[in-house]
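Q: File structure_18.cif follows (mmCIF, C-alpha atoms):
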data_coords
loop_
_atom_site.label_atom_id
_atom_site.label_comp_id
_atom_site.auth_asym_id
_atom_site.auth_seq_id
_atom_site.Cartn_x
_atom_site.Cartn_y
_atom_site.Cartn_z
CA MET S 308 17.98 -4.93 -40.99
CA GLU S 309 17.62 -4.10 -37.30
CA ALA S 310 19.88 -7.01 -36.36
CA PHE S 311 22.43 -5.92 -38.98
CA ARG S 312 22.36 -2.34 -37.68
CA THR S 313 22.91 -3.58 -34.12
CA TRP S 314 25.83 -5.70 -35.28
CA ILE S 315 27.43 -2.70 -36.99
CA GLU S 316 27.00 -0.51 -33.93
CA ASN S 317 28.56 -3.14 -31.66
CA PHE S 318 31.36 -4.00 -34.08
CA SER S 319 34.63 -4.38 -32.14
CA PHE S 320 38.30 -5.10 -32.71
CA PHE S 321 37.85 -8.77 -31.78
CA GLN S 322 35.07 -9.17 -34.34
CA ALA S 323 37.37 -7.70 -36.97
CA LEU S 324 40.09 -10.11 -35.84
CA ASP S 325 37.60 -12.98 -36.05
CA ILE S 326 36.76 -12.07 -39.66
CA ALA S 327 40.45 -11.72 -40.55
CA ILE S 328 41.28 -15.17 -39.15
CA VAL S 329 38.41 -16.83 -41.01
CA ALA S 330 39.38 -15.03 -44.24
CA PHE S 331 42.99 -16.17 -43.84
CA LEU S 332 41.96 -19.79 -43.29
CA ILE S 333 39.63 -19.72 -46.29
CA TYR S 334 42.41 -18.26 -48.45
CA GLN S 335 44.89 -20.94 -47.35
CA ILE S 336 42.35 -23.70 -48.05
CA TYR S 337 41.70 -22.21 -51.48
CA LYS S 338 45.45 -22.22 -52.24
CA LEU S 339 45.64 -25.91 -51.31
CA VAL S 340 42.74 -27.03 -53.51
CA LYS S 341 43.14 -24.54 -56.38
CA GLY S 342 43.50 -26.33 -59.70
CA THR S 343 42.33 -29.68 -58.31
CA SER S 344 39.04 -31.55 -58.35
CA ALA S 345 38.81 -30.93 -54.60
CA LEU S 346 37.84 -27.31 -55.32
CA ASN S 347 34.40 -28.41 -56.57
CA ILE S 348 33.88 -30.47 -53.41
CA VAL S 349 34.80 -27.51 -51.21
CA LEU S 350 32.38 -25.23 -53.08
CA THR S 351 29.63 -27.84 -52.69
CA ILE S 352 30.25 -28.09 -48.94
CA ILE S 353 30.15 -24.30 -48.61
CA GLY S 354 26.90 -24.19 -50.58
CA ILE S 355 25.28 -26.82 -48.34
CA TYR S 356 26.40 -24.91 -45.24
CA ILE S 357 24.92 -21.65 -46.56
CA LEU S 358 21.61 -23.39 -47.38
CA TRP S 359 21.55 -24.88 -43.88
CA LYS S 360 21.94 -21.45 -42.29
CA ILE S 361 19.27 -19.92 -44.57
CA ALA S 362 16.80 -22.73 -43.77
CA ASP S 363 17.49 -22.26 -40.06
CA GLN S 364 16.88 -18.50 -40.24
CA LEU S 365 13.65 -18.98 -42.25
CA SER S 366 12.29 -21.43 -39.64
CA MET S 367 12.24 -24.44 -41.97
CA PRO S 368 12.80 -27.20 -39.37
CA ILE S 369 12.67 -30.26 -41.65
CA THR S 370 15.05 -28.87 -44.26
CA SER S 371 17.28 -27.47 -41.55
CA GLU S 372 17.40 -30.83 -39.74
CA ILE S 373 18.28 -32.72 -42.94
CA LEU S 374 21.03 -30.26 -43.85
CA ASP S 375 22.29 -30.36 -40.26
CA ARG S 376 22.75 -34.14 -40.54
CA VAL S 377 24.45 -33.75 -43.92
CA VAL S 378 26.88 -31.19 -42.51
CA SER S 379 27.60 -33.37 -39.46
CA MET S 380 28.42 -36.40 -41.61
CA GLY S 381 30.29 -34.13 -44.01
CA LEU S 382 32.84 -33.28 -41.33
CA LEU S 383 33.97 -36.91 -41.23
CA ALA S 384 33.93 -37.09 -45.02
CA ILE S 385 36.13 -33.99 -45.21
CA VAL S 386 38.77 -35.61 -43.00
CA VAL S 387 38.80 -38.74 -45.19
CA VAL S 388 38.68 -37.04 -48.60
CA PHE S 389 41.03 -34.18 -47.80
CA GLN S 390 43.53 -36.06 -45.65
CA PRO S 391 46.55 -35.13 -47.85
CA GLU S 392 45.46 -31.49 -48.07
CA ILE S 393 44.86 -31.28 -44.30
CA ARG S 394 48.33 -32.71 -43.66
CA ARG S 395 49.89 -30.19 -46.05
CA PHE S 396 47.94 -27.35 -44.43
CA LEU S 397 49.04 -28.27 -40.90
CA PHE S 398 52.60 -28.76 -42.07
CA MET S 399 52.54 -25.36 -43.78
CA ILE S 400 51.54 -23.72 -40.48
CA THR S 401 53.99 -25.57 -38.21
CA THR S 402 57.15 -25.59 -40.36
CA PRO S 403 59.51 -22.72 -41.08
CA THR S 404 58.51 -22.02 -44.66
CA ALA S 405 59.79 -18.50 -44.13
CA LEU S 406 63.29 -19.96 -44.37
CA LYS S 407 62.81 -19.50 -48.09
CA GLU S 408 62.91 -15.77 -47.44
CA GLY S 409 65.32 -15.81 -44.51
CA LYS S 410 62.56 -14.98 -41.99
CA SER S 411 62.18 -18.25 -40.12
CA LYS S 412 61.86 -16.54 -36.73
CA TRP S 413 58.31 -15.52 -37.55
CA ASN S 414 57.06 -19.07 -38.03
CA LEU S 415 55.61 -21.32 -35.32
CA GLY S 416 57.72 -24.30 -36.36
CA HIS S 417 60.93 -22.34 -35.85
CA TRP S 418 60.11 -21.72 -32.19
CA ILE S 419 58.83 -25.26 -31.58
CA ARG S 420 62.19 -26.69 -32.65
CA ARG S 421 64.13 -24.32 -30.40
CA PHE S 422 62.80 -25.76 -27.13
CA LYS S 423 65.33 -28.00 -25.39
CA VAL S 424 63.01 -31.02 -25.29
CA VAL S 425 62.76 -30.97 -29.08
CA LYS S 426 66.38 -29.96 -29.41
CA GLY S 427 67.45 -33.18 -27.74
CA MET S 428 65.28 -35.20 -30.15
CA GLN S 429 66.83 -33.78 -33.28
CA LYS S 430 70.50 -33.25 -32.39
CA LYS S 431 72.48 -34.21 -35.48
CA GLU S 432 75.88 -35.83 -35.89
CA LEU S 433 75.85 -36.10 -39.67
CA ASN S 434 79.20 -36.57 -41.38
CA ILE S 435 78.63 -33.81 -43.92
CA THR S 436 81.99 -34.36 -45.62
CA GLN S 437 81.07 -37.91 -46.64
CA VAL S 438 77.79 -36.75 -48.18
CA ILE S 439 79.52 -33.92 -50.07
CA GLN S 440 82.26 -36.20 -51.38
CA ALA S 441 79.70 -38.71 -52.63
CA CYS S 442 77.74 -35.96 -54.41
CA VAL S 443 80.89 -34.57 -56.05
CA HIS S 444 81.99 -37.98 -57.31
CA MET S 445 78.52 -38.86 -58.59
CA SER S 446 78.29 -35.46 -60.27
CA GLN S 447 81.60 -36.06 -62.07
CA GLU S 448 80.48 -39.51 -63.20
CA LYS S 449 76.96 -38.26 -64.04
CA THR S 450 75.39 -40.79 -61.71
CA GLY S 451 71.79 -40.02 -60.86
CA ALA S 452 71.06 -39.83 -57.13
CA LEU S 453 68.39 -38.68 -54.69
CA ILE S 454 69.40 -38.26 -51.03
CA VAL S 455 66.97 -37.20 -48.30
CA LEU S 456 68.27 -35.79 -45.00
CA THR S 457 65.58 -35.94 -42.33
CA GLN S 458 65.04 -33.55 -39.46
CA LEU S 459 62.02 -33.71 -37.11
CA ASN S 460 59.91 -35.76 -39.54
CA ARG S 461 61.37 -39.28 -39.59
CA LEU S 462 59.39 -40.37 -42.68
CA PRO S 463 58.55 -43.88 -41.41
CA GLY S 464 56.05 -44.44 -44.22
CA THR S 465 58.65 -43.58 -46.85
CA VAL S 466 61.32 -45.71 -45.17
CA ALA S 467 58.92 -48.67 -45.21
CA THR S 468 58.77 -48.55 -49.02
CA GLY S 469 62.51 -49.24 -49.37
CA GLU S 470 65.22 -51.58 -48.16
CA ARG S 471 66.25 -51.06 -44.53
CA LEU S 472 70.03 -50.64 -44.12
CA ASP S 473 70.89 -48.85 -40.83
CA ALA S 474 74.45 -48.24 -42.04
CA ILE S 475 76.95 -45.54 -41.07
CA VAL S 476 77.14 -42.74 -43.65
CA SER S 477 80.15 -43.05 -45.94
CA SER S 478 80.96 -41.70 -49.38
CA ALA S 479 81.84 -45.14 -50.78
CA LEU S 480 78.58 -46.69 -49.59
CA ILE S 481 76.44 -43.87 -51.03
CA GLU S 482 78.23 -44.13 -54.40
CA ASN S 483 77.83 -47.92 -54.47
CA ILE S 484 74.13 -47.67 -53.71
CA PHE S 485 73.55 -45.30 -56.65
CA PHE S 486 75.86 -47.16 -59.06
CA LYS S 487 73.72 -47.82 -62.12
CA ASN S 488 74.03 -51.62 -61.84
CA SER S 489 73.21 -51.67 -58.13
CA PRO S 490 69.83 -53.19 -57.22
CA LEU S 491 69.29 -50.27 -54.81
CA HIS S 492 70.10 -47.38 -57.16
CA ASP S 493 66.52 -46.68 -58.22
CA GLY S 494 64.72 -44.57 -55.63
CA ALA S 495 65.75 -42.37 -52.72
CA LEU S 496 68.32 -42.79 -49.97
CA ILE S 497 67.10 -41.74 -46.51
CA ILE S 498 69.68 -40.45 -44.00
CA GLU S 499 68.77 -39.88 -40.37
CA LYS S 500 71.46 -38.42 -38.07
CA ASN S 501 74.59 -40.23 -39.25
CA LYS S 502 72.91 -43.37 -40.51
CA ILE S 503 71.67 -44.47 -43.90
CA ILE S 504 68.28 -45.73 -42.77
CA ALA S 505 67.01 -47.09 -46.08
CA ALA S 506 67.57 -47.10 -49.83
CA ARG S 507 65.35 -47.57 -52.89
CA CYS S 508 62.57 -45.62 -51.15
CA ILE S 509 59.57 -44.32 -53.04
CA LEU S 510 58.89 -40.61 -52.48
CA PRO S 511 55.65 -38.70 -53.05
CA VAL S 512 55.72 -36.79 -56.33
CA THR S 513 54.69 -33.16 -56.21
CA SER S 514 51.27 -32.19 -57.57
CA ASN S 515 52.26 -28.53 -57.93
CA LYS S 516 51.06 -27.31 -61.33
CA ASN S 517 53.70 -24.57 -61.39
CA VAL S 518 56.63 -26.99 -61.48
CA SER S 519 58.53 -26.86 -64.78
CA ALA S 520 57.60 -29.58 -67.25
CA ASN S 521 61.32 -30.08 -67.94
CA LEU S 522 61.97 -31.49 -64.47
CA GLY S 523 62.47 -35.22 -64.18
CA LEU S 524 61.07 -37.65 -61.65
CA ARG S 525 63.97 -37.21 -59.21
CA HIS S 526 63.46 -33.47 -58.92
CA ARG S 527 59.68 -33.87 -58.71
CA SER S 528 60.09 -36.44 -55.95
CA ALA S 529 62.50 -34.14 -54.10
CA ILE S 530 59.94 -31.36 -54.28
CA GLY S 531 57.17 -33.72 -53.16
CA VAL S 532 58.92 -35.03 -50.05
CA THR S 533 60.03 -31.54 -48.96
CA GLU S 534 56.50 -30.20 -49.44
CA GLN S 535 55.22 -32.77 -46.96
CA SER S 536 58.08 -32.78 -44.44
CA ASP S 537 60.95 -30.67 -43.12
CA ALA S 538 63.57 -32.82 -44.91
CA LEU S 539 66.35 -31.58 -47.19
CA ALA S 540 66.59 -33.43 -50.50
CA ILE S 541 69.76 -33.52 -52.65
CA VAL S 542 69.54 -34.41 -56.34
CA CYS S 543 72.40 -35.36 -58.66
CA SER S 544 71.33 -35.15 -62.28
CA GLU S 545 72.07 -38.15 -64.50
CA GLU S 546 71.80 -36.02 -67.65
CA THR S 547 73.93 -33.00 -66.72
CA GLY S 548 75.78 -34.05 -63.57
CA SER S 549 74.58 -30.90 -61.78
CA ILE S 550 73.82 -30.92 -58.06
CA SER S 551 70.60 -29.39 -56.71
CA TYR S 552 68.93 -29.30 -53.32
CA CYS S 553 65.29 -28.89 -52.37
CA LEU S 554 63.87 -27.47 -49.15
CA PHE S 555 60.19 -26.77 -48.37
CA GLY S 556 59.25 -27.40 -52.00
CA ASN S 557 61.80 -24.94 -53.43
CA VAL S 558 64.62 -26.16 -55.66
CA THR S 559 68.05 -24.52 -55.90
CA TYR S 560 69.82 -25.70 -59.05
CA ASN S 561 73.50 -26.13 -60.02
CA VAL S 562 75.03 -25.60 -56.59
CA THR S 563 78.74 -25.97 -55.87
CA PRO S 564 80.06 -28.34 -53.19
CA THR S 565 80.79 -25.30 -51.00
CA GLN S 566 77.21 -24.03 -51.38
CA LEU S 567 75.80 -27.48 -50.64
CA ARG S 568 77.92 -27.79 -47.50
CA ALA S 569 76.82 -24.36 -46.30
CA LYS S 570 73.15 -25.26 -46.80
CA ILE S 571 73.46 -28.59 -44.97
CA GLU S 572 75.27 -26.92 -42.07
CA GLU S 573 72.59 -24.23 -41.94
CA PHE S 574 69.89 -26.89 -42.15
CA PHE S 575 71.17 -28.70 -39.05
CA GLN S 576 72.27 -25.65 -37.09
CA GLU S 577 70.24 -25.18 -33.90
CA LYS S 578 70.94 -23.04 -30.83
CA GLU S 579 69.56 -23.69 -27.38
CA ILE S 580 67.56 -20.98 -25.68
CA GLU S 581 69.50 -19.31 -22.89
#
Could the structure of this file be written out as structure tokens, please?

A:
Amino acid sequence: MEAFRTWIENFSFFQALDIAIVAFLIYQIYKLVKGTSALNIVLTIIGIYILWKIADQLSMPITSEILDRVVSMGLLAIVVVFQPEIRRFLFMITTPTALKEGKSKWNLGHWIRRFKVVKGMQKKELNITQVIQACVHMSQEKTGALIVLTQLNRLPGTVATGERLDAIVSSALIENIFFKNSPLHDGALIIEKNKIIAARCILPVTSNKNVSANLGLRHRSAIGVTEQSDALAIVCSEETGSISYCLFGNVTYNVTPTQLRAKIEEFFQEKEIE
């Protein structure tokens, strides 16, 4: 009690900030693992850590030493077991998720991309008109398609799952790739700058429990790849012919060609710092 009273008396702004940061991190971790089996693992790790601290305070050296070793080895296990969640967490912090609300300036990723050194890496020369024309034609013909436009994240692992093309972007080529009898039509098309890097690529499917059960595999894959990268995914529905786009895990349905063009232009628009 004396130690607690001393802590209260010496409580400062930086201690309050310390608690707030830890609470924020715990909340974000909970959001990542909520509804998954990983939640039980996290609770177990927290329980072991609490027992370790209790044993240490009660001067139980053997128990404390054993739990200390368990916690030390557990750090490596956490990295292995929670590798996808850790990647999503880091991506969530360093990408402009606030774009969904039009507040991208308050996100770390927004400022990282505005430095000239990064600006030079991601300068785009995409022929937007060719992509729009292909989407309009495929929409009219009700041809299913999934197109991924990359930004900073080049998606090398995803590209490796498909057929490498390295072809200039053109409406005719995109339409031929997604023609139902084409051997490359099944899967995603990856576009980087003004090149079709690969086709028939396999994308990660979202594990978000809040996604509508009515969504097909294309939309779920579009959500999945944009949850794990800063790419923009365009989906043409085979059933309805509607065009949708997905950014940072959020889907916008039934967009017009004008709306799609505006979003792609906004997606690639970057200004150098004076």

Q: Using only C-alpha atoms, which residue out of S:Ala538, S:Ile484, S:Val443, S:Val476 lies closest to Asn561 in chain S?

A: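 Ranking S:Ala538, S:Ile484, S:Val443, S:Val476 by distance to Asn561 in chain S, first place goes to S:Val443.
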
Q: With only C-alpha atoms as the counted atoms, please give the residues lying no more than 10 Å from Pro564 in chain S, apart from itself and same-chain residues fewer than 6 positions off, as a list of chain:residue names.

A: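 Residues meeting the cut-off are S:Thr436, S:Ile439, S:Gln440, S:Cys442, S:Val443, S:Ile550, S:Lys570.
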
Q: Write the residues of the preceding selection, restricted to C-alpha atoms, as a PDB file, keeping the file's coordinate frame.

A:
ATOM      1  CA  THR S 436      81.990 -34.360 -45.620  1.00  0.00           C
ATOM      2  CA  ILE S 439      79.520 -33.920 -50.070  1.00  0.00           C
ATOM      3  CA  GLN S 440      82.260 -36.200 -51.380  1.00  0.00           C
ATOM      4  CA  CYS S 442      77.740 -35.960 -54.410  1.00  0.00           C
ATOM      5  CA  VAL S 443      80.890 -34.570 -56.050  1.00  0.00           C
ATOM      6  CA  ILE S 550      73.820 -30.920 -58.060  1.00  0.00           C
ATOM      7  CA  LYS S 570      73.150 -25.260 -46.800  1.00  0.00           C
TER       8      LYS S 570
END

Q: Could you state the separation of CA of Tyr334 in chain S and CA of Val386 in chain S in Å, given to one decimal place?

A: 18.5 Å

Q: Do a neighbour search on Leu554 in chain S at 7 Å with all atoms listed in the file, toss out local chain neighbours closer than 4 positions, and write the hits as number ranges by chain.

A: S: 533, 538-540, 558

Q: May I have the protein, DNA and RNA residues with any atom at most 7 Å from the point (75.9, -40.7, -55.7), counting only C-alpha atoms, written as number ranges by chain?

A: S: 441-442, 444-445, 450-452, 481-482, 485

Q: Given the file above and the PyMOL selection byres ((chain S and resi 494) around 12), which residues are selected, and can you give them as a ChimeraX atom specification?

A: /S:451-455,465-466,468-470,484-487,489-493,495-497,505-512,524-526,528-529,542

Q: Quick one: residues within 12 Å of range 358-366 of chain S, all atoms listed in the file, excluding same-chain residues fewer than 4 positions away - as a list in words?

A: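 Using all atoms listed in the file, the neighbours found are Thr351, Ile352, Ile353, Gly354, Thr370, Ser371, Glu372, Ile373, Leu374, Asp375, Arg376, Val377, Val378 and Ser379 of chain S.
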
Q: Convert the current residue selection to file output with C-alpha atoms, as a tab-separated table (two decimals), in the frame of the given file.

A:
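Dumped everything to again_7.tsv:
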chain	number	residue	atom	x	y	z
S	351	THR	CA	29.63	-27.84	-52.69
S	352	ILE	CA	30.25	-28.09	-48.94
S	353	ILE	CA	30.15	-24.30	-48.61
S	354	GLY	CA	26.90	-24.19	-50.58
S	370	THR	CA	15.05	-28.87	-44.26
S	371	SER	CA	17.28	-27.47	-41.55
S	372	GLU	CA	17.40	-30.83	-39.74
S	373	ILE	CA	18.28	-32.72	-42.94
S	374	LEU	CA	21.03	-30.26	-43.85
S	375	ASP	CA	22.29	-30.36	-40.26
S	376	ARG	CA	22.75	-34.14	-40.54
S	377	VAL	CA	24.45	-33.75	-43.92
S	378	VAL	CA	26.88	-31.19	-42.51
S	379	SER	CA	27.60	-33.37	-39.46

Q: Could you state the separation of CA of Thr457 in chain S and CA of Ser551 in chain S in Å, given to one decimal place?

A: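 Result for CA of Thr457 in chain S versus CA of Ser551 in chain S: 16.6 Å, one decimal.
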
Q: So how many Å separate CA of Ser514 in chain S and CA of Ser544 in chain S, to one decimal?

A: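 Those two atoms sit 20.8 Å apart.
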
Q: For Ser536 in chain S, which residue among S:Ile475, S:Cys553, S:Val438, S:Leu433 is the nearest when counting all atoms listed in the file?

A: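 Smallest distance to Ser536 in chain S is found for S:Cys553.
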
Q: Evaluating the PyMOL selection byres ((chain S and resi 459) around 7) on the displayed file yields which residues, as a PyMOL selection string?

A: chain S and resi 429+457-458+460-461+537

Q: When you count only C-alpha atoms, which of these residues is closest to Asn515 in chain S: S:Glu499, S:Ser446, S:Glu534, S:Asn434?

A: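 Between S:Glu499, S:Ser446, S:Glu534, S:Asn434, the residue approaching Asn515 in chain S most closely is S:Glu534.
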
Q: Have a look at S:Leu350, S:Tyr552, S:Ile435, S:Phe575 and name the one nearest to Ile336 in chain S; count only C-alpha atoms.

A: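 Looking at the shortest contact to Ile336 in chain S, the residue is S:Leu350.
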